[in-house]
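Peer 1: Below is a structure I'd like to ask you about.
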Amino acid sequence: MKIVILVKQVPEADKVAVDPETGTLIREGVDSILNPYCEYALDQAAKLKLEFPELNIEITAITMGPPQAKAVLYRCLELGADKGYLLSDRKFAGSDVWATSTALKEGVMHIEPDFDLILAGKQAIDGDTAQVPAETAEQLGVPQITYGVDVKLNGKRVEVKRETEIGYQVLSVRMPALVTMSKGSNIRRIPSMKQVLDSRSKPVETLTAADMNIDEDKIGLKASPTQVDKIFAPPAKTGGEIIEGSDPKVAAKKLLDYLVENKFIKG
Amino acid sequence: MPTNIIVAEKLEFAPFDEIKSIKGEMIISESYPSYLVDESKISGGHAEWLFFPTTEKEIVSIINKMKEENQMVTISAARTGIVGSAVPFGGAVMSLERMNEVIGIGFDEDSQRWFLRCQPSMTLNEINEYVKFKKCGQNQSIPPESDWAEKFMEECTMYYPMDPTEMTASLGGTICANASGARSFKYGPTRDWVRHIRVVLGTCEVLDITRGECKAEDGIFVVKTAGKELIIKTPYYHMPKAKNAAGLFTDPDMDLIDLFIGSEGIFGIITEADVWIKEYNAQMSCVGFFKDEEDAIDFVKLLRDDKNLSPEFIEYFDNHALNLLRDKQKIDPKFVNMPNIDKDVKTAISFDLAYSEEDIEKVFTQMSVILQECNSSLEDTWCVYEDRELERIKHFRHAVPEIVNNIIAERKKQYPSIHKLGTDMSVEDQHLKEIMKFYHDSLKEEGLEYVIWGHIGDNHVHVNILPRNLEELKKGKELYMKFANKAVSFGGSVSAEHGIGKIKHEYLEIMFGAEGIEQMKAIKCKFDPHCLINCGNIFPRSGCV
Amino acid sequence: MLEVDIEACTGCKVCEKVCPFGAIVVVPETKKAKVLDNCTLCGTCVNACSFDALSIERKAISEEDLAKFNKVFVWGEWEKKDGKIVIKNVALELLGKGRELADKLGESLAVLLLGKEVEHLAQNLIHHGADIVYLCEHELLEEYSTDGYATVISTVIAAEKPSVVLYGATPNGRDLAPRIAGRLALGLTADCTGLDINENRQLLQTRPAFGGNIMASILSPYTRPQMSSVRPNVFPKPKPDENRTGEIERVDVNLKPLSIRTKIIEEIISHEEGINIEEAQILISVGRGIGSKENFKIVEDLAKEVGGTVSGSRALVDLGWLPHPQQVGQSGKTVAPTLYIAFGISGAIQHLVGMTSSDTIIAVNNDVEAPIFKVADFGIVGNMHEIIPEFIQLLKEYKQKN
C-alpha cells in the first residue's frame with residue numbers, strides 16, 4: 001500500500017510580526033518548521049504502518065518549496081516516511097493555492113501515480129487557508145475527507161472520523177482518497193537516534209518543473225488567480241481598565257459591579 | 001608580568017540627594033515588596049532605604065551615606081538567587097537595575113578571543129540576544145579607537161555559554177555567585193568566562209581587575225588604597241576538587257579576580273565586567289532511557305570519559321522525577337504533544353552533543369556501542385536538533401523543578417513553615433555510584449517523598465525532599481546534614497552551584513571549619529571595614545564588626 | 001516573475017529594506033538587486049523602487065471579458081436544529097455583506113440553496129437581501145457531501161457566470177469551496193475579515209495570515225468569479241425586511257448515487273449544551289489557567305449563574321478536557337458574543353483572532369503581562385480559582401437582594 005504525505009515548511013507563525021513602522025515582516029529569531037498539522041498526518045501514517053505490517057505500507061513525503069524546505073523532508077524521514085521529494089523551482093515562485101495544488105498534483109502523478117491514500121494537515125499555520133489539500137484532491141480527481149482525527153483502513157475503503165461543528169461524523173470512502181488531519185490523538189513525535197541515523201540513508205530527491213514535465217503556464221505567478229496586493233500590520237490594541245493586586249473578594253466585587261453597571265446582570 | 005600589588009582608585013561622591021531613592025520601611029514593603037524577596041522565597045526581608053544608582057559615583061555616595069547612618073547595604077539585581085543573598089534584613093537595598101547596558105565589544109589579541117563588556121544588570125538573555133543578533137552600535141568598540149564592533153559583524157554566530165537555567169539572571173549576580181548549571185560540565189563555571197571586572201569596595205574605592213595582571217604571591221595580595229595598604233591573605237583551606245560554589249576561592253598564587261568571583265558580593269559592588277563569548281555550534285539534544293539506575297550511571301561514566309563525544313552536559317532524572325513528568329503530561333498542553341515515557345523506564349539521562357552532518361554516522365555508531373553496554377539502544381534514545389525541538393527537550397528538562405515547587409506551594413497552605421529541602425552537593429568522580437546509592441537508600445529508609453535530578457556529569461545532583469508534614473521536615477533536615485557530611489567525606493562540596501547565602505551557613509563549616517570561616521571574615525573586614533555590604537552572605541555579620 | 005532591469009538599478013537597497021520576505025538583496029560585488037527563490041511576487045519592492053528597475057510580469061485580460069460576469073453569489077448553508085432545517089447565521093451575515101458588494105457593483109445578489117426540501121428557507125433569504133434564490137433540490141442533497149454539493153454549485157456557476165461567490169468558512173464551507181476553486185481554476189481567499197470593491201471593480205479581500213500577526217489584502221484580477229470564504233461572526237447579520245421581494249429560480253439537478261463517493265456512517269454530537277458557542281450571547285471562556293479537568297465544574301456553575309455558555313482555548317481541546325466544537329480561535333470557531341469573559345487565557349494571537357469582535361471582553365488572569373489584557377475592556381489580575389467562587393457567592397446574594 002502506498003501512502004503519500006503532503007507537507008509544508010512554515011515559519012513559526014506565532015513569532016512572525018509586521019514592523020508597524022516599516023511594514024516589513026520581522027524575521028529575527030523565527031525558525032522554519034514542519035507544519036504541526038502535517039506532523040499529525042505523518043503520525044497517523046506511521047501508526048497505520050505499524051498497525052498493518054502485512055500491507056507493506058510505503059510512505060512518501062512530498063513538499064513544494066525553496067531548497068531549504070528539504071529540512072522538513074528529513075524530519076518526515078525521521079518520523080516514519082520512507083522517501084522524500086522536494087518540488088523546487090524558481091518557476092513555482094508566486095504560486096497561490098491553485099498553482100500550488102497544480103504543482104502538487106503533478107508531483108504526485110509523477111512520483112506515486114498509483115497511490116492509495118494521501119494524508120495532509122488540515123491547514124498550515126502560516127496561511128491557515130486549509131485549501132491546498134482539497135484543491136489537490138480535486139485536481140487529482142479523488143474524493144476527500146477533511147478535518148480527520150482518526151483513520152481506519154477497512155479493505156479497499158478508508159474510514160475517517162471527522163470533526164464537525166457539533167461533534168464528529170464518521171465517513172467512509174473507497175481508496176484512492178485524500179484525507180486532511182486535525183490533531184485528534186496524534187502527537188508530534190520525537191525521533192530516536194536510530195531513526196535520525198537511518199533517515200540519513202533514505203532517498204531524498206529534488207524535482208524541477210521540467211523533471212515533471214509541467215506546462216509552465218500552469219504554475220507560478222502566471223497560473224495564480226489570486227495575488228497579494230499588500231501586507232500590513234493589524235491595528236494595535238490597547239486594553240481598558242486593569243485591576244491589580246486586589247484580594248479575591250474585592251476583585252469578585254469589582255467584576256460584579258462592572259457587569260451590573262454594563263447591564264449584563266440585571267437586578 | 002603579574003604582580004600581587006594593585007592600586008585602588010578614589011572616586012568623587014555624586015550628590016546624594018540626586019540619587020533616585022525610596023525611603024521608609026512601610027512604603028518599601030507595601031509598594032516595592034519584590035525588592036525584599038528572591039527565588040529562595042525566604043521571608044522576613046525588610047529595608048529602610050531603596051536606591052537605584054546609575055554610576056559608580058552614585059554607588060560610593062550611597063555607601064558613604066550608609067556608613068554615616070550605620071546601615072547595611074544589600075545588593076540587588078535580578079533576584080534569581082536561591083539562597084537569599086539579595087534579601088535585605090534591614091538597612092538599604094541597592095538595586096543595580098538601571099545599570100543594564102552593554103558598554104562594548106572587544107577582541108583580546110593575546111588569547112584571540114572576543115569579549116563583551118557590560119554593566120552588571122544585563123541579563124544572560126539580553127547578553128545572548130545582543131551577541132547572537134549582533135546588536136552592536138558603531139561606537140561600541142573596546143578600546144573606543146579600535147574597530148572591533150564593525151569587525152564583530154562579520155563573525156559567525158556567537159554566544160555566552162553560561163546557562164544557570166534561569167536566563168533572566170543578571171551578569172553581576174552570576175559572577176558573584178560563580179553561577180554554573182548543566183553546561184558547566186563542558187564549559188566550567190562562570191569563573192572561567194570572566195576576563196575583567198570593576199568593583200566598588202566598602203572603602204568607597206574602585207578596583208579595576210583584569211585577569212592575569214594581579215596574582216597572589218605566597219597567598220598575599222597588597223591593595224594600595226588612599227588611606228593605607230591592605231594586606232590580603234588568601235585562606236589556607238583546600239578547595240574541593242569537585243564542582244564547588246561554597247565559600248571564597250583560594251590558592252596561594254591565585255588571580256585576584258577569582259577572589260571576587262563567587263564572593264557573594266561581600267566585598268563590594270561589581271559595576272562592570274568583561275565576559276568571553278564563543279562561537280555557537282549546532283547541537284542535538286538526546287534523552288536516553290534506562291530500566292535500571294546502575295545502567296544509567298554506567299552510561300554517564302562511559303559518556304563523560306569518551307573523549308570524542310564531548311557532550312555539552314549530562315543530566316539525570318530519577319524515577320520519581322519521571323513520574324512527575326508522566327503526571328504533568330496529563331495536565332500541561334506543552335507536554336500533551338510529547339510521547340509517553342515507557343512505564344518500565346526508571347532513569348533518564350539527558351545530554352546535548354555538538355554535531356555536524358558529516359559526523360552523525362561516526363558519533364551515533366559510538367553512541368550505539370556505549371548504549372548497548374548499558375542495556376539501552378539508539379532506538380530507545382530521543383534525539384532532536386531543530387531549534388523548536390531543542391526547546392521542547394529543554395522544557396522537559398526544566399519542568400521537574402517547577403513541578404516540585406508547585407507541590408511545595410500546595411503543602412505550604414496546610415503547613416506554612418514547610419519548605420522543600422533541596423541539596424546542591426557534589427562529590428569526586430569515583431564516588432558517584434556510592435553517593436547515589438546512599439541518597440536513595442537513606443531516603444527510602446526514612447520513608448520520605450523525594451525527587452532527584454541534576455548535573456550528574458559533574459557528580460552533582462539535586463536531591464529534593466518533599467516533606468508532607470512537620471515531622472518529615474525535621475527528618476529531612478537531619479538527612480540533609482547527613483548528606484552534607486557524606487559529600488564532604490567524598491571530596492565534594494556542600495554547595496556546588498547555589499552558594500551559601502543566608503541559609504546554608506551551618507553546612508559551610510563542615511567543609512572549611514570555623515577557622516576557614518574566620519579567614520574569609522578577615523578578608524571581608526579589609527575590603528569592607530565597616531561591614532556594610534551584603535552582610536549575612538556566606539557567614540553571619542556577627543564577629544565582623 | 002520579478003524582473004530586475006540591471007541598467008536602471010542603482011543598488012540603492014530600498015527594495016532590500018522593504019521586502020517583507022527578505023527575498024531581494026543587493027549583491028555587494030555588482031551593486032545590483034538580485035531576486036532570491038523565496039520571492040512571493042507580492043510587489044512591495046516594485047512600488048518602492050524609485051528607478052522603475054523592478055517589474056512583475058502579470059497576464060492581462062480584457063475588460064470586455066470581465067464584464068460578462070455579474071451577480072454576487074452566496075452559498076446558503078443550513079443546519080439541522082432539533083430536527084428542523086434552519087439557515088445558518090453565517091449565510092445571513094454573508095447576505096448583508098453581499099448586498100453591500102452587489103450594490104457597489106450595481107449587480108444582483110443571489111443565494112445558492114441546496115438540499116432535499118429547502119424551499120421554505122427561500123423567502124427568509126430574500127427578506128435578508130437576496131434578489132434571486134437558485135433552488136437546487138434533490139434527494140442526494142439531503143446531507144452535505146463534498147462531491148454532491150461541489151458538482152451542483154460548479155454547474156450553476158458555469159451557467160450563470162457570477163462575478164463574486166461567498167462561502168461561510170464553516171467546516172463544510174472550507175471543505176466545499178476549494179473543491180469548486182480547484183475544479184474551475186479560480187482564486188479563493190479563505191477566512192476574509194474584510195471585503196470591498198476597489199476602483200477597478202475588483203473584490204478586495206482582506207485576511208489575517210501568520211495566525212493573525214499580519215494582514216494581507218488579496219485580489220483575483222484575471223479570473224471570475226472571485227471567491228472568498230468568511231468565518232461566522234465576522235460580518236453583522238442584516239435586519240430582515242419582510243416587504244422585500246425576489247425571485248426563486250428552480251435549478252434542475254442531475255445527481256447519481258455513484259457520483260457521491262463518501263458515505264456517512266455515523267454522526268456524533270459531542271456536547272449538547274456547549275456546541276452553540278457561535279450564537280451564544282455570553283461566553284465564559286477558559287484557558288490553561290484552569291489547571292485541571294475537575295475545575296470545569298465551577299466554571300459551569302458560573303456559566304449557569306450568568307446565563308452563559310462555556311468555551312475555551314485550544315490547549316484544553318488538545319488535553320481532551322473540552323470538546324473541539326467549543327474551541328475559540330484560529331483552529332476553532334470565531335465568536336462575537338455581547339460578553340466574553342476569559343478566565344486563565346493568556347491570549348495567544350491565534351486565540352485573539354477568534355474573539356476580538358466580541359462586544360465586551362473581560363479577562364481574569366494572574367499574569368499582568370498576558371496579551372489578553374490588550375484586548376480586554378476590563379481586566380482583573382488575579383487567581384481565577386479564588387475569584388470565581390467569591391464571584392458566584394456575591395452574584396447569588398445580589399440576585400436575592402434584587
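Ligands are numbered from 1 in the order shown, chains are lettered A, B, ... in the order of the C-alpha cells, and residues start at 1 in each chain.
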Write out as a list in words which residues come within 8 Å of stretch 209-223 of chain A when counting only C-alpha atoms, dropping same-chain ones fewer than 4 positions away.
Peer 2: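 With the cut-off at 8 Å, the set is Leu87, Ser88, Asp89, Lys91, Phe92, Ala93, Gly94, Ser95, Asp96, Trp98, Ala99, Thr100, Thr102, Ala103, Glu106, Gly107 and His110 of chain A; Met1, Leu41, Arg58 and Lys59 of chain C.
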Peer 1: Generate the output file for the selected residues, C-alpha atoms, as a PDB file, in the first residue's frame.
Peer 2:
```
ATOM      1  CA  LEU A  87       9.395  20.091  -5.730  1.00  0.00           C
ATOM      2  CA  SER A  88      11.580  23.129  -6.121  1.00  0.00           C
ATOM      3  CA  ASP A  89      11.911  25.520  -8.999  1.00  0.00           C
ATOM      4  CA  LYS A  91       9.176  28.798 -11.825  1.00  0.00           C
ATOM      5  CA  PHE A  92       6.945  27.881  -8.873  1.00  0.00           C
ATOM      6  CA  ALA A  93       7.515  31.309  -7.332  1.00  0.00           C
ATOM      7  CA  GLY A  94       4.364  33.274  -6.679  1.00  0.00           C
ATOM      8  CA  SER A  95       2.160  30.184  -6.641  1.00  0.00           C
ATOM      9  CA  ASP A  96      -1.139  30.688  -4.870  1.00  0.00           C
ATOM     10  CA  TRP A  98      -4.443  26.848  -7.213  1.00  0.00           C
ATOM     11  CA  ALA A  99      -0.966  26.873  -8.696  1.00  0.00           C
ATOM     12  CA  THR A 100       0.431  25.094  -5.645  1.00  0.00           C
ATOM     13  CA  THR A 102      -1.378  22.027  -9.564  1.00  0.00           C
ATOM     14  CA  ALA A 103       2.292  21.504  -8.837  1.00  0.00           C
ATOM     15  CA  GLU A 106       1.793  16.897 -10.998  1.00  0.00           C
ATOM     16  CA  GLY A 107       4.294  15.834  -8.373  1.00  0.00           C
ATOM     17  CA  HIS A 110       4.983  11.820 -11.431  1.00  0.00           C
TER      18      HIS A 110
ATOM     19  CA  MET C   1       8.478  36.513 -12.408  1.00  0.00           C
ATOM     20  CA  LEU C  41       5.886  38.351  -6.041  1.00  0.00           C
ATOM     21  CA  ARG C  58       1.331  39.620 -14.950  1.00  0.00           C
ATOM     22  CA  LYS C  59      -1.117  38.416 -17.528  1.00  0.00           C
TER      23      LYS C  59
END
```
Peer 1: Which residues of chain B sit at most 12 Å from chain C, using only C-alpha atoms? Give each one's shortest atom pair and distance in Å (one decimal place), in chain and ascending residue order, as a tab-separated table.
Peer 2:
```
residue	atom	partner	partner_atom	distance
B:Asp327	CA	C:Ser292	CA	11.6
B:Lys328	CA	C:Gly291	CA	10.6
B:Gln329	CA	C:Leu319	CA	8.9
B:Lys330	CA	C:Leu319	CA	7.0
B:Ile331	CA	C:Ser292	CA	6.4
B:Asp332	CA	C:Leu319	CA	7.6
B:Pro333	CA	C:Ala315	CA	5.4
B:Lys334	CA	C:Ala315	CA	8.4
B:Phe335	CA	C:Leu319	CA	9.3
B:Val336	CA	C:Leu319	CA	6.3
B:Asn337	CA	C:Asp318	CA	8.2
B:Met338	CA	C:Leu319	CA	11.6
B:Asn406	CA	C:Gly291	CA	11.9
```
Peer 1: Just the residues within 12 Å of stretch 11-13 of chain A, please, counting only C-alpha atoms, with nothing from its chain fewer than 3 positions along; format it as number ranges by chain.
Peer 2: A: 8, 16-18, 25-36, 69, 72, 124-128; B: 387-388; C: 21, 208-214, 330, 348-350
Peer 1: So that I can see what lies close to stretch 54-58 of chain B, please list as number ranges by chain the residues with an atom at most 10 Å from it, counting only C-alpha atoms and leaving out residues fewer than 3 positions away in the same chain.
Peer 2: B: 10-20, 51, 61-64, 95-100, 119, 198-200, 204-206, 269-272
Peer 1: Select, from C:Glu249, C:Glu107, C:Val234, C:Lys304, the residue with the minimum atom-to-atom distance to C:Thr356, counting only C-alpha atoms.
Peer 2: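 Nearest candidate to C:Thr356 out of C:Glu249, C:Glu107, C:Val234, C:Lys304: C:Val234.
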Peer 1: Up to 6 Å from chain B, what residues of chain A turn up? Count only C-alpha atoms and give them as a VMD selection string.
Peer 2: chain A and resid 187 to 189 191 to 194
Peer 1: Among the residues of stretch 99-271 of chain C, find those DSSP assigns to strand (DSSP E or B) from the backbone and print them as a PyMOL selection string.
Peer 2: chain C and resi 109-115+132-137+164-168+188-189+194-197+203-209+214-219+226-230+247-250+263-269
Peer 1: When you look at stretch 180-195 of chain B with a cut-off of 8 Å (counting only C-alpha atoms), what residues show up, excluding the ones that are within fewer than 5 positions of it in the same chain? I need them as a PyMOL selection string.
Peer 2: chain B and resi 115+161-165+174-175+210-211+258+261-262+273-277+310-315+454-455+457-458+497
Peer 1: Suppose we keep C-alpha atoms; can you now write the selection as a short mmCIF file (atom, residue, chain, number, x, y, z; two decimals), in the first residue's frame?
Peer 2:
```
data_model
loop_
_atom_site.label_atom_id
_atom_site.label_comp_id
_atom_site.auth_asym_id
_atom_site.auth_seq_id
_atom_site.Cartn_x
_atom_site.Cartn_y
_atom_site.Cartn_z
CA PHE B 115 34.62 39.53 24.87
CA PRO B 161 27.70 29.71 27.12
CA MET B 162 26.80 30.16 30.79
CA ASP B 163 23.35 28.71 31.39
CA PRO B 164 22.32 28.56 35.04
CA THR B 165 18.79 27.58 33.84
CA THR B 174 26.06 35.25 38.25
CA ILE B 175 29.64 36.48 38.74
CA THR B 210 41.92 42.22 34.61
CA ARG B 211 42.65 38.52 34.75
CA ASP B 258 38.98 34.89 41.45
CA ILE B 261 34.10 35.76 41.59
CA GLY B 262 31.86 33.67 43.82
CA ALA B 273 32.52 43.08 33.71
CA ASP B 274 34.02 41.57 30.59
CA VAL B 275 32.94 38.06 29.71
CA TRP B 276 34.26 35.84 26.97
CA ILE B 277 31.92 34.77 24.22
CA SER B 310 32.40 15.53 24.48
CA PRO B 311 28.78 16.21 25.50
CA GLU B 312 27.70 19.73 26.40
CA PHE B 313 26.13 18.40 29.59
CA ILE B 314 24.81 15.22 31.18
CA GLU B 315 21.67 15.50 33.25
CA GLY B 454 20.61 17.27 38.16
CA HIS B 455 24.04 17.62 36.75
CA GLY B 457 28.08 14.67 34.63
CA ASP B 458 29.66 16.73 37.41
CA GLU B 497 26.39 25.88 42.46
#
```
